[in-house]
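**Student:** So here's my_file.pdb (PDB, C-alpha atoms and all ligand atoms).
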ATOM      1  CA  MET A   1      20.970  -6.498  13.196
ATOM      2  CA  ALA A   2      23.948  -4.895  11.469
ATOM      3  CA  ALA A   3      23.841  -1.156  10.830
ATOM      4  CA  PRO A   4      22.825  -0.259   7.274
ATOM      5  CA  LEU A   5      25.570   0.998   4.971
ATOM      6  CA  ARG A   6      23.602   4.093   4.093
ATOM      7  CA  GLN A   7      21.399   5.984   6.500
ATOM      8  CA  LYS A   8      17.751   5.708   5.529
ATOM      9  CA  ARG A   9      16.185   9.091   4.860
ATOM     10  CA  VAL A  10      12.887   9.980   6.517
ATOM     11  CA  LEU A  11      10.787  12.963   5.494
ATOM     12  CA  LEU A  12       8.482  14.027   8.308
ATOM     13  CA  ILE A  13       5.592  16.242   7.188
ATOM     14  CA  GLU A  14       4.080  17.395  10.472
ATOM     15  CA  ASP A  15       3.126  20.737  11.985
ATOM     16  CA  GLU A  16       3.187  19.994  15.730
ATOM     17  CA  PRO A  17       6.615  21.213  16.900
ATOM     18  CA  GLY A  18       6.617  18.932  19.937
ATOM     19  CA  LEU A  19       5.936  15.835  17.889
ATOM     20  CA  VAL A  20       8.491  16.857  15.250
ATOM     21  CA  LEU A  21      11.123  17.186  17.972
ATOM     22  CA  THR A  22      10.280  13.882  19.625
ATOM     23  CA  LEU A  23      10.128  11.938  16.367
ATOM     24  CA  THR A  24      13.297  13.514  15.013
ATOM     25  CA  ASP A  25      15.276  12.705  18.159
ATOM     26  CA  ARG A  26      14.003   9.180  18.303
ATOM     27  CA  LEU A  27      14.537   8.386  14.627
ATOM     28  CA  LYS A  28      18.024   9.892  14.665
ATOM     29  CA  SER A  29      18.861   7.701  17.658
ATOM     30  CA  GLU A  30      17.781   4.750  15.476
ATOM     31  CA  ASP A  31      20.271   5.927  12.843
ATOM     32  CA  TYR A  32      17.806   7.481  10.423
ATOM     33  CA  GLU A  33      18.467  10.762   8.691
ATOM     34  CA  VAL A  34      15.443  12.984   9.329
ATOM     35  CA  ALA A  35      14.163  16.144   7.664
ATOM     36  CA  ALA A  36      10.925  17.889   8.556
ATOM     37  CA  ALA A  37       8.457  20.002   6.611
ATOM     38  CA  SER A  38       5.839  21.816   8.672
ATOM     39  CA  ASP A  39       3.090  22.368   6.114
ATOM     40  CA  GLY A  40       1.532  20.694   3.086
ATOM     41  CA  PRO A  41       3.104  22.707   0.254
ATOM     42  CA  ALA A  42       6.599  22.455   1.757
ATOM     43  CA  GLY A  43       6.122  18.722   2.286
ATOM     44  CA  LEU A  44       4.943  18.196  -1.260
ATOM     45  CA  GLU A  45       7.867  20.171  -2.612
ATOM     46  CA  ARG A  46      10.545  18.317  -0.620
ATOM     47  CA  GLY A  47       8.809  14.992  -1.121
ATOM     48  CA  THR A  48       8.897  15.472  -4.880
ATOM     49  CA  ARG A  49      12.291  17.113  -5.282
ATOM     50  CA  GLU A  50      14.428  14.860  -3.081
ATOM     51  CA  ALA A  51      14.788  11.108  -2.705
ATOM     52  CA  TRP A  52      13.454   9.589   0.526
ATOM     53  CA  ASP A  53      13.192   6.082   1.884
ATOM     54  CA  ILE A  54       9.999   6.804   3.771
ATOM     55  CA  ILE A  55       7.565   9.678   4.243
ATOM     56  CA  LEU A  56       5.610  10.219   7.469
ATOM     57  CA  LEU A  57       2.636  12.393   6.647
ATOM     58  CA  ASP A  58       0.293  14.105   9.098
ATOM     59  CA  VAL A  59      -3.340  14.444   7.998
ATOM     60  CA  MET A  60      -4.211  17.836   9.547
ATOM     61  CA  LEU A  61      -1.690  20.267   8.096
ATOM     62  CA  PRO A  62      -1.667  24.013   7.544
ATOM     63  CA  GLY A  63      -2.030  24.887   3.869
ATOM     64  CA  ALA A  64      -3.147  21.440   2.787
ATOM     65  CA  ASN A  65      -4.780  18.234   3.830
ATOM     66  CA  GLY A  66      -2.396  15.289   4.221
ATOM     67  CA  PHE A  67      -4.574  13.166   1.945
ATOM     68  CA  GLY A  68      -4.241  15.764  -0.790
ATOM     69  CA  VAL A  69      -0.479  15.805  -0.306
ATOM     70  CA  CYS A  70      -0.425  12.003  -0.532
ATOM     71  CA  ARG A  71      -2.452  12.019  -3.746
ATOM     72  CA  ASP A  72      -0.283  14.760  -5.273
ATOM     73  CA  LEU A  73       2.939  12.929  -4.401
ATOM     74  CA  ARG A  74       1.650   9.796  -6.139
ATOM     75  CA  GLN A  75       0.431  11.781  -9.131
ATOM     76  CA  ARG A  76       3.886  13.264  -9.450
ATOM     77  CA  GLY A  77       5.340   9.777  -9.678
ATOM     78  CA  VAL A  78       6.716   9.528  -6.118
ATOM     79  CA  THR A  79       6.688   5.832  -5.147
ATOM     80  CA  THR A  80       8.249   6.219  -1.676
ATOM     81  CA  PRO A  81       6.293   4.397   1.071
ATOM     82  CA  ILE A  82       4.006   6.787   2.949
ATOM     83  CA  ILE A  83       2.794   6.255   6.520
ATOM     84  CA  MET A  84      -0.067   8.585   7.429
ATOM     85  CA  LEU A  85      -0.234   9.976  10.964
ATOM     86  CA  THR A  86      -3.869  10.420  11.820
ATOM     87  CA  ALA A  87      -5.909  11.566  14.785
ATOM     88  CA  ARG A  88      -7.748   8.971  16.812
ATOM     89  CA  GLY A  89     -10.738   7.350  15.169
ATOM     90  CA  GLN A  90     -10.595   8.682  11.608
ATOM     91  CA  ILE A  91     -11.868   5.385  10.208
ATOM     92  CA  VAL A  92     -13.407   6.772   7.037
ATOM     93  CA  ASP A  93     -10.289   8.783   6.336
ATOM     94  CA  LYS A  94      -8.168   5.641   6.491
ATOM     95  CA  VAL A  95      -9.997   4.098   3.572
ATOM     96  CA  LEU A  96      -9.723   7.317   1.605
ATOM     97  CA  GLY A  97      -5.990   7.531   2.318
ATOM     98  CA  LEU A  98      -5.330   3.972   1.195
ATOM     99  CA  LYS A  99      -7.132   4.708  -2.052
ATOM    100  CA  LEU A 100      -4.998   7.792  -2.529
ATOM    101  CA  GLY A 101      -1.795   5.795  -2.233
ATOM    102  CA  ALA A 102      -0.815   5.677   1.451
ATOM    103  CA  ASP A 103       0.897   2.456   2.568
ATOM    104  CA  ASP A 104       0.098   2.407   6.272
ATOM    105  CA  TYR A 105      -1.450   4.327   9.160
ATOM    106  CA  LEU A 106      -0.604   5.228  12.680
ATOM    107  CA  THR A 107      -3.156   6.741  15.008
ATOM    108  CA  LYS A 108      -1.938   9.429  17.401
ATOM    109  CA  PRO A 109      -0.821   9.116  20.115
ATOM    110  CA  PHE A 110       1.343   6.175  19.072
ATOM    111  CA  ASP A 111       4.137   4.264  20.656
ATOM    112  CA  MET A 112       7.608   4.963  19.267
ATOM    113  CA  LEU A 113       8.377   1.254  19.085
ATOM    114  CA  GLU A 114       5.310   0.765  16.945
ATOM    115  CA  LEU A 115       6.355   3.587  14.635
ATOM    116  CA  THR A 116       9.869   2.221  14.105
ATOM    117  CA  ALA A 117       8.467  -1.287  13.571
ATOM    118  CA  ARG A 118       6.034  -0.002  10.922
ATOM    119  CA  ILE A 119       8.821   1.937   9.220
ATOM    120  CA  GLU A 120      10.977  -1.186   9.069
ATOM    121  CA  VAL A 121       8.122  -3.162   7.501
ATOM    122  CA  GLN A 122       7.732  -0.545   4.767
ATOM    123  CA  LEU A 123      11.474  -0.405   4.114
ATOM    124  CA  ARG A 124      11.652  -4.190   3.787
ATOM    125  CA  ARG A 125       8.729  -4.164   1.364
ATOM    126  CA  ALA A 126      10.321  -1.442  -0.731
ATOM    127  CA  THR A 127      13.590  -3.375  -0.908
ATOM    128  CA  ALA A 128      11.798  -6.572  -1.911
ATOM    129  CA  ALA A 129       9.850  -4.717  -4.611
ATOM    130  CA  THR A 130      13.003  -3.211  -6.077
ATOM    131  CA  SER A 131      14.917  -6.468  -6.254
ATOM    132  CA  GLY A 132      11.910  -8.306  -7.691
ATOM    133  CA  THR A 133      11.111  -5.882 -10.478
ATOM    134  CA  THR A 134      12.438  -6.373 -13.952
ATOM    135  CA  PRO A 135      12.555  -3.275 -16.108
ATOM    136  CA  CYS A 136      10.241  -2.959 -19.085
ATOM    137  CA  LEU A 137      12.234  -2.877 -22.330
ATOM    138  CA  PHE A 138      11.341  -1.596 -25.775
ATOM    139  CA  GLY A 139      13.878  -0.674 -28.434
ATOM    140  CA  ALA A 140      16.761   1.130 -26.749
ATOM    141  CA  VAL A 141      14.536   2.187 -23.831
ATOM    142  CA  SER A 142      14.391   0.551 -20.400
ATOM    143  CA  VAL A 143      11.801   1.600 -17.791
ATOM    144  CA  ASP A 144      12.282   0.839 -14.098
ATOM    145  CA  PHE A 145       8.944   1.491 -12.389
ATOM    146  CA  ARG A 146      10.135   1.118  -8.827
ATOM    147  CA  LYS A 147      12.920   3.650  -9.290
ATOM    148  CA  ALA A 148      10.744   5.738 -11.629
ATOM    149  CA  GLN A 149      13.744   5.804 -13.936
ATOM    150  CA  VAL A 150      13.953   5.588 -17.710
ATOM    151  CA  LEU A 151      17.122   4.776 -19.637
ATOM    152  CA  LYS A 152      17.728   5.184 -23.355
ATOM    153  CA  ASP A 153      20.864   3.613 -24.773
ATOM    154  CA  GLY A 154      21.929   3.176 -21.148
ATOM    155  CA  GLU A 155      21.670   6.895 -20.370
ATOM    156  CA  VAL A 156      19.151   8.265 -17.858
ATOM    157  CA  ILE A 157      16.425  10.270 -19.589
ATOM    158  CA  ASP A 158      15.106  13.257 -17.706
ATOM    159  CA  LEU A 159      11.328  12.748 -17.755
ATOM    160  CA  SER A 160       9.007  14.937 -15.718
ATOM    161  CA  ALA A 161       6.848  13.063 -13.221
ATOM    162  CA  ARG A 162       3.835  13.587 -15.505
ATOM    163  CA  GLU A 163       5.676  12.256 -18.538
ATOM    164  CA  PHE A 164       6.701   9.240 -16.504
ATOM    165  CA  LEU A 165       3.106   8.574 -15.396
ATOM    166  CA  LEU A 166       1.940   8.942 -18.985
ATOM    167  CA  LEU A 167       4.541   6.470 -20.211
ATOM    168  CA  LYS A 168       3.640   4.093 -17.385
ATOM    169  CA  TYR A 169      -0.038   4.247 -18.330
ATOM    170  CA  PHE A 170       0.800   3.597 -21.972
ATOM    171  CA  ILE A 171       2.928   0.579 -21.067
ATOM    172  CA  GLU A 172       0.286  -0.802 -18.712
ATOM    173  CA  HIS A 173      -2.250  -0.531 -21.539
ATOM    174  CA  ARG A 174      -0.053  -1.722 -24.345
ATOM    175  CA  GLU A 175      -1.831  -2.135 -27.692
ATOM    176  CA  ALA A 176      -5.002  -0.446 -26.419
ATOM    177  CA  THR A 177      -6.343   2.687 -28.103
ATOM    178  CA  LEU A 178      -6.516   5.332 -25.386
ATOM    179  CA  SER A 179      -8.637   8.431 -25.819
ATOM    180  CA  ARG A 180      -7.370  11.833 -24.712
ATOM    181  CA  ASP A 181     -10.187  11.954 -22.146
ATOM    182  CA  GLU A 182      -9.143   8.642 -20.645
ATOM    183  CA  LEU A 183      -5.525   9.771 -20.447
ATOM    184  CA  LEU A 184      -6.573  13.036 -18.808
ATOM    185  CA  ASN A 185      -8.666  11.220 -16.239
ATOM    186  CA  GLU A 186      -6.159   8.516 -15.468
ATOM    187  CA  VAL A 187      -2.860  10.373 -15.680
ATOM    188  CA  TRP A 188      -3.854  13.868 -14.597
ATOM    189  CA  GLY A 189      -6.752  12.998 -12.297
ATOM    190  CA  TYR A 190     -10.382  13.861 -12.505
ATOM    191  CA  HIS A 191     -10.122  17.182 -10.644
ATOM    192  CA  SER A 192      -7.794  18.977 -12.903
ATOM    193  CA  MET A 193      -7.106  19.937 -16.429
ATOM    194  CA  PRO A 194      -8.457  22.447 -18.804
ATOM    195  CA  SER A 195      -8.065  20.674 -22.130
ATOM    196  CA  THR A 196      -7.231  17.532 -24.024
ATOM    197  CA  ARG A 197      -4.587  19.602 -25.825
ATOM    198  CA  THR A 198      -2.494  19.053 -22.682
ATOM    199  CA  VAL A 199      -2.331  15.371 -23.566
ATOM    200  CA  ASP A 200      -1.055  16.116 -27.081
ATOM    201  CA  VAL A 201       1.648  18.399 -25.735
ATOM    202  CA  HIS A 202       2.870  15.797 -23.245
ATOM    203  CA  VAL A 203       2.776  13.028 -25.845
ATOM    204  CA  ALA A 204       4.932  15.218 -28.101
ATOM    205  CA  TRP A 205       7.431  15.786 -25.268
ATOM    206  CA  LEU A 206       7.480  12.084 -24.453
ATOM    207  CA  ARG A 207       8.150  11.202 -28.084
ATOM    208  CA  GLN A 208      11.029  13.660 -28.189
ATOM    209  CA  LYS A 209      12.614  11.775 -25.320
ATOM    210  CA  ILE A 210      11.936   8.102 -26.065
ATOM    211  CA  GLU A 211      11.383   7.735 -29.809
ATOM    212  CA  PRO A 212      14.332   7.067 -32.148
ATOM    213  CA  ILE A 213      12.770   9.474 -34.685
ATOM    214  CA  PRO A 214      10.138  11.566 -32.867
ATOM    215  CA  ARG A 215       8.480  12.790 -36.096
ATOM    216  CA  THR A 216       7.723   9.233 -37.176
ATOM    217  CA  PRO A 217       6.994   7.523 -33.863
ATOM    218  CA  GLN A 218       7.204   3.767 -33.624
ATOM    219  CA  TYR A 219       6.113   3.305 -29.982
ATOM    220  CA  VAL A 220       3.578   6.002 -29.111
ATOM    221  CA  LEU A 221       1.300   5.985 -32.140
ATOM    222  CA  THR A 222      -1.477   8.387 -33.080
ATOM    223  CA  VAL A 223      -4.811   6.710 -33.742
ATOM    224  CA  HIS A 224      -6.525   9.305 -35.888
ATOM    225  CA  GLY A 225      -9.797  10.579 -34.502
ATOM    226  CA  LEU A 226      -9.478   8.371 -31.407
ATOM    227  CA  GLY A 227      -6.320   9.025 -29.417
ATOM    228  CA  TYR A 228      -3.071   7.185 -28.891
ATOM    229  CA  LYS A 229      -1.747   3.674 -28.697
ATOM    230  CA  PHE A 230       1.492   2.291 -27.276
ATOM    231  CA  VAL A 231       3.167  -0.577 -29.071
ATOM    232  CA  GLY A 232       6.527  -1.933 -28.049
TER
HETATM  233 CA    CA B 301      -1.294  18.349  12.502
END
Would you mind writing the structure in this file as structure tokens?
Ligand code: CA
**Tutor:**
Amino acid sequence: MAAPLRQKRVLLIEDEPGLVLTLTDRLKSEDYEVAAASDGPAGLERGTREAWDIILLDVMLPGANGFGVCRDLRQRGVTTPIIMLTARGQIVDKVLGLKLGADDYLTKPFDMLELTARIEVQLRRATAATSGTTPCLFGAVSVDFRKAQVLKDGEVIDLSAREFLLLKYFIEHREATLSRDELLNEVWGYHSMPSTRTVDVHVAWLRQKIEPIPRTPQYVLTVHGLGYKFVG
């Protein structure tokens, strides 16, 4: 196989120094660019802030559980494939992880050939998904879900991950009246959130960014007494 034009970037979130060293050496020898984070918060931060082609995520991490990190990455709009690295026999955890947005699993100790094969599968899938996805268009706005990118009049709009998830949920439920409670549950997650006022604030921010005239919205409409509705 020909060498890729651009090195694929791997984020390794793992706290065992020996394993970090082994994996880093091996992946670099396979022409990947590798960065490591040794605890949950650092992994979440780097995973959110930088662009990666794949994330390898340990389950037992200092400062956080890998499943929590996985869930938080997805909630922040990160669509990068995630392979969880789990200890032997965590069957129940596997199901939980898949529900939280992981793409695949490897049970430690694993064979390096198996790891690189699994990575290649995920990279191929990601490429196929990108080329097969047509952006969603309304007015002057174009939304690319795979890239998590929104353009208005051809210019990239800087949406926060939460604003992007909110917009995505609106688009996926086009024409439906969505209550603030539903939006809180689905976009913010059932654990969090003090108040439905949060939804109003984010809707206002979203309108500022995507509506032609934010004060008289034509896409994200208020349904008085009930919530919001996306038309477009
Ligand atoms: Ca660990």
**Student:** Evaluate the PyMOL selection byres (((not hetatm)) within 8 of (chain B and resi 301)) against this structure - the residues, as a ChimeraX atom specification, please.
**Tutor:** /A:14-16,58-62
**Student:** Which is closest to Ile83 of chain A among A:Gly101, A:Pro109, A:Ile55, A:Thr198, if we use all atoms listed in the file?
**Tutor:**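 Counting all atoms listed in the file, the residue closest to Ile83 of chain A is A:Ile55.
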**Student:** Residues picked by the PyMOL selection byres (((chain A and resi 108) around 8) and not hetatm) here, as a PyMOL selection string?
**Tutor:** chain A and resi 85-88+106-107+109-110
**Student:** Given the selection you just returned, output its residues as a file containing C-alpha atoms, formatted as a JSON list (two decimals), in the frame of the given file.
**Tutor:**
[["chain", "number", "residue", "atom", "x", "y", "z"],
["A", 85, "LEU", "CA", -0.23, 9.98, 10.96],
["A", 86, "THR", "CA", -3.87, 10.42, 11.82],
["A", 87, "ALA", "CA", -5.91, 11.57, 14.78],
["A", 88, "ARG", "CA", -7.75, 8.97, 16.81],
["A", 106, "LEU", "CA", -0.60, 5.23, 12.68],
["A", 107, "THR", "CA", -3.16, 6.74, 15.01],
["A", 109, "PRO", "CA", -0.82, 9.12, 20.11],
["A", 110, "PHE", "CA", 1.34, 6.18, 19.07]]
**Student:** In Å, with one decimal, what is the gap from atom CA of Leu123 of chain A to atom CA of His173 of chain A?
**Tutor:** 29.1 Å
**Student:** What is the distance, in Å and to one decimal place, between atom CA of Glu114 of chain A and atom CA of Leu56 of chain A?
**Tutor:**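 Calculated distance between atom CA of Glu114 of chain A and atom CA of Leu56 of chain A is 13.4 Å.
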**Student:** Between A:Glu45, A:Ser179, A:Met112, A:Lys209, which is the closest to Ile157 of chain A once you count only C-alpha atoms?
**Tutor:**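 Distance minimum relative to Ile157 of chain A lands on A:Lys209.
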**Student:** How far is it from atom CA of Pro135 of chain A to atom CA of Leu100 of chain A, in Å with one decimal?
**Tutor:**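 Result for atom CA of Pro135 of chain A versus atom CA of Leu100 of chain A: 24.8 Å, one decimal.
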**Student:** For the contact check between segment 116-211 of chain A and segment 25-28 of chain A, emit one row per residue of segment 116-211 of chain A within 12 Å, containing the shortest atom pair and the distance in Å rounded to one decimal, counting only C-alpha atoms, chain then rising number order, as a tab-separated table.
**Tutor:**
residue	atom	partner	partner_atom	distance
A:Thr116	CA	A:Leu27	CA	7.8
A:Ala117	CA	A:Leu27	CA	11.5
A:Ile119	CA	A:Leu27	CA	10.2
A:Glu120	CA	A:Leu27	CA	11.6
**Student:** Which of these, A:Gln218, A:Val201, A:Gln122, A:Ser195, has the shortest distance to Asp104 of chain A once you count all atoms listed in the file?
**Tutor:**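 Between A:Gln218, A:Val201, A:Gln122, A:Ser195, the residue approaching Asp104 of chain A most closely is A:Gln122.
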**Student:** Can you list, as a PDB file with C-alpha atoms, in the coordinates of the input, the residues that the PyMOL selection byres (((chain A and resi 49) around 12) and not hetatm) selects here?
**Tutor:**
ATOM      1  CA  LEU A  11      10.787  12.963   5.494  1.00  0.00           C
ATOM      2  CA  ALA A  42       6.599  22.455   1.757  1.00  0.00           C
ATOM      3  CA  GLY A  43       6.122  18.722   2.286  1.00  0.00           C
ATOM      4  CA  LEU A  44       4.943  18.196  -1.260  1.00  0.00           C
ATOM      5  CA  GLU A  45       7.867  20.171  -2.612  1.00  0.00           C
ATOM      6  CA  ARG A  46      10.545  18.317  -0.620  1.00  0.00           C
ATOM      7  CA  GLY A  47       8.809  14.992  -1.121  1.00  0.00           C
ATOM      8  CA  THR A  48       8.897  15.472  -4.880  1.00  0.00           C
ATOM      9  CA  GLU A  50      14.428  14.860  -3.081  1.00  0.00           C
ATOM     10  CA  ALA A  51      14.788  11.108  -2.705  1.00  0.00           C
ATOM     11  CA  TRP A  52      13.454   9.589   0.526  1.00  0.00           C
ATOM     12  CA  LEU A  73       2.939  12.929  -4.401  1.00  0.00           C
ATOM     13  CA  ARG A  76       3.886  13.264  -9.450  1.00  0.00           C
ATOM     14  CA  GLY A  77       5.340   9.777  -9.678  1.00  0.00           C
ATOM     15  CA  VAL A  78       6.716   9.528  -6.118  1.00  0.00           C
ATOM     16  CA  SER A 160       9.007  14.937 -15.718  1.00  0.00           C
ATOM     17  CA  ALA A 161       6.848  13.063 -13.221  1.00  0.00           C
TER      18      ALA A 161
END
**Student:** Since the input has fewer atoms than a full residue there, write segment 154-173 of chain A out with N, CA, C and O atoms, as a PDB file, in the coordinates of the input.
**Tutor:**
ATOM      1  N   GLY A 154      21.179   3.233 -22.398  1.00  0.00           N
ATOM      2  CA  GLY A 154      21.929   3.176 -21.148  1.00  0.00           C
ATOM      3  C   GLY A 154      22.075   4.506 -20.421  1.00  0.00           C
ATOM      4  O   GLY A 154      22.629   4.554 -19.326  1.00  0.00           O
ATOM      5  N   GLU A 155      21.571   5.576 -21.004  1.00  0.00           N
ATOM      6  CA  GLU A 155      21.670   6.895 -20.370  1.00  0.00           C
ATOM      7  C   GLU A 155      20.332   7.248 -19.716  1.00  0.00           C
ATOM      8  O   GLU A 155      19.272   6.990 -20.301  1.00  0.00           O
ATOM      9  N   VAL A 156      20.390   7.853 -18.534  1.00  0.00           N
ATOM     10  CA  VAL A 156      19.151   8.265 -17.858  1.00  0.00           C
ATOM     11  C   VAL A 156      18.479   9.388 -18.645  1.00  0.00           C
ATOM     12  O   VAL A 156      19.124  10.364 -19.028  1.00  0.00           O
ATOM     13  N   ILE A 157      17.195   9.214 -18.931  1.00  0.00           N
ATOM     14  CA  ILE A 157      16.425  10.270 -19.589  1.00  0.00           C
ATOM     15  C   ILE A 157      15.709  11.073 -18.528  1.00  0.00           C
ATOM     16  O   ILE A 157      15.114  10.506 -17.604  1.00  0.00           O
ATOM     17  N   ASP A 158      15.730  12.379 -18.679  1.00  0.00           N
ATOM     18  CA  ASP A 158      15.106  13.257 -17.706  1.00  0.00           C
ATOM     19  C   ASP A 158      13.635  13.471 -18.058  1.00  0.00           C
ATOM     20  O   ASP A 158      13.282  14.372 -18.798  1.00  0.00           O
ATOM     21  N   LEU A 159      12.770  12.590 -17.538  1.00  0.00           N
ATOM     22  CA  LEU A 159      11.328  12.748 -17.755  1.00  0.00           C
ATOM     23  C   LEU A 159      10.728  13.496 -16.576  1.00  0.00           C
ATOM     24  O   LEU A 159      11.137  13.273 -15.445  1.00  0.00           O
ATOM     25  N   SER A 160       9.759  14.353 -16.829  1.00  0.00           N
ATOM     26  CA  SER A 160       9.007  14.937 -15.718  1.00  0.00           C
ATOM     27  C   SER A 160       8.156  13.831 -15.105  1.00  0.00           C
ATOM     28  O   SER A 160       7.931  12.782 -15.718  1.00  0.00           O
ATOM     29  N   ALA A 161       7.686  14.071 -13.877  1.00  0.00           N
ATOM     30  CA  ALA A 161       6.848  13.063 -13.221  1.00  0.00           C
ATOM     31  C   ALA A 161       5.612  12.756 -14.068  1.00  0.00           C
ATOM     32  O   ALA A 161       5.188  11.617 -14.189  1.00  0.00           O
ATOM     33  N   ARG A 162       5.036  13.797 -14.689  1.00  0.00           N
ATOM     34  CA  ARG A 162       3.835  13.587 -15.505  1.00  0.00           C
ATOM     35  C   ARG A 162       4.160  12.759 -16.748  1.00  0.00           C
ATOM     36  O   ARG A 162       3.402  11.865 -17.126  1.00  0.00           O
ATOM     37  N   GLU A 163       5.280  13.051 -17.369  1.00  0.00           N
ATOM     38  CA  GLU A 163       5.676  12.256 -18.538  1.00  0.00           C
ATOM     39  C   GLU A 163       5.890  10.795 -18.139  1.00  0.00           C
ATOM     40  O   GLU A 163       5.521   9.877 -18.877  1.00  0.00           O
ATOM     41  N   PHE A 164       6.475  10.605 -16.957  1.00  0.00           N
ATOM     42  CA  PHE A 164       6.701   9.240 -16.504  1.00  0.00           C
ATOM     43  C   PHE A 164       5.374   8.511 -16.288  1.00  0.00           C
ATOM     44  O   PHE A 164       5.199   7.363 -16.714  1.00  0.00           O
ATOM     45  N   LEU A 165       4.416   9.190 -15.639  1.00  0.00           N
ATOM     46  CA  LEU A 165       3.106   8.574 -15.396  1.00  0.00           C
ATOM     47  C   LEU A 165       2.398   8.262 -16.714  1.00  0.00           C
ATOM     48  O   LEU A 165       1.729   7.232 -16.853  1.00  0.00           O
ATOM     49  N   LEU A 166       2.554   9.153 -17.675  1.00  0.00           N
ATOM     50  CA  LEU A 166       1.940   8.942 -18.985  1.00  0.00           C
ATOM     51  C   LEU A 166       2.549   7.709 -19.652  1.00  0.00           C
ATOM     52  O   LEU A 166       1.827   6.830 -20.139  1.00  0.00           O
ATOM     53  N   LEU A 167       3.862   7.626 -19.627  1.00  0.00           N
ATOM     54  CA  LEU A 167       4.541   6.470 -20.211  1.00  0.00           C
ATOM     55  C   LEU A 167       4.120   5.185 -19.496  1.00  0.00           C
ATOM     56  O   LEU A 167       3.847   4.158 -20.136  1.00  0.00           O
ATOM     57  N   LYS A 168       4.043   5.262 -18.171  1.00  0.00           N
ATOM     58  CA  LYS A 168       3.640   4.093 -17.385  1.00  0.00           C
ATOM     59  C   LYS A 168       2.240   3.641 -17.795  1.00  0.00           C
ATOM     60  O   LYS A 168       1.991   2.453 -17.987  1.00  0.00           O
ATOM     61  N   TYR A 169       1.337   4.602 -17.951  1.00  0.00           N
ATOM     62  CA  TYR A 169      -0.038   4.247 -18.330  1.00  0.00           C
ATOM     63  C   TYR A 169      -0.073   3.623 -19.724  1.00  0.00           C
ATOM     64  O   TYR A 169      -0.767   2.632 -19.958  1.00  0.00           O
ATOM     65  N   PHE A 170       0.708   4.184 -20.629  1.00  0.00           N
ATOM     66  CA  PHE A 170       0.800   3.597 -21.972  1.00  0.00           C
ATOM     67  C   PHE A 170       1.277   2.142 -21.897  1.00  0.00           C
ATOM     68  O   PHE A 170       0.690   1.251 -22.506  1.00  0.00           O
ATOM     69  N   ILE A 171       2.347   1.934 -21.132  1.00  0.00           N
ATOM     70  CA  ILE A 171       2.928   0.579 -21.067  1.00  0.00           C
ATOM     71  C   ILE A 171       1.943  -0.399 -20.428  1.00  0.00           C
ATOM     72  O   ILE A 171       1.790  -1.532 -20.890  1.00  0.00           O
ATOM     73  N   GLU A 172       1.252   0.069 -19.393  1.00  0.00           N
ATOM     74  CA  GLU A 172       0.286  -0.802 -18.712  1.00  0.00           C
ATOM     75  C   GLU A 172      -0.914  -1.134 -19.605  1.00  0.00           C
ATOM     76  O   GLU A 172      -1.653  -2.075 -19.327  1.00  0.00           O
ATOM     77  N   HIS A 173      -1.121  -0.299 -20.628  1.00  0.00           N
ATOM     78  CA  HIS A 173      -2.250  -0.531 -21.539  1.00  0.00           C
ATOM     79  C   HIS A 173      -1.766  -0.709 -22.968  1.00  0.00           C
ATOM     80  O   HIS A 173      -2.381  -0.206 -23.913  1.00  0.00           O
TER      81      HIS A 173
END
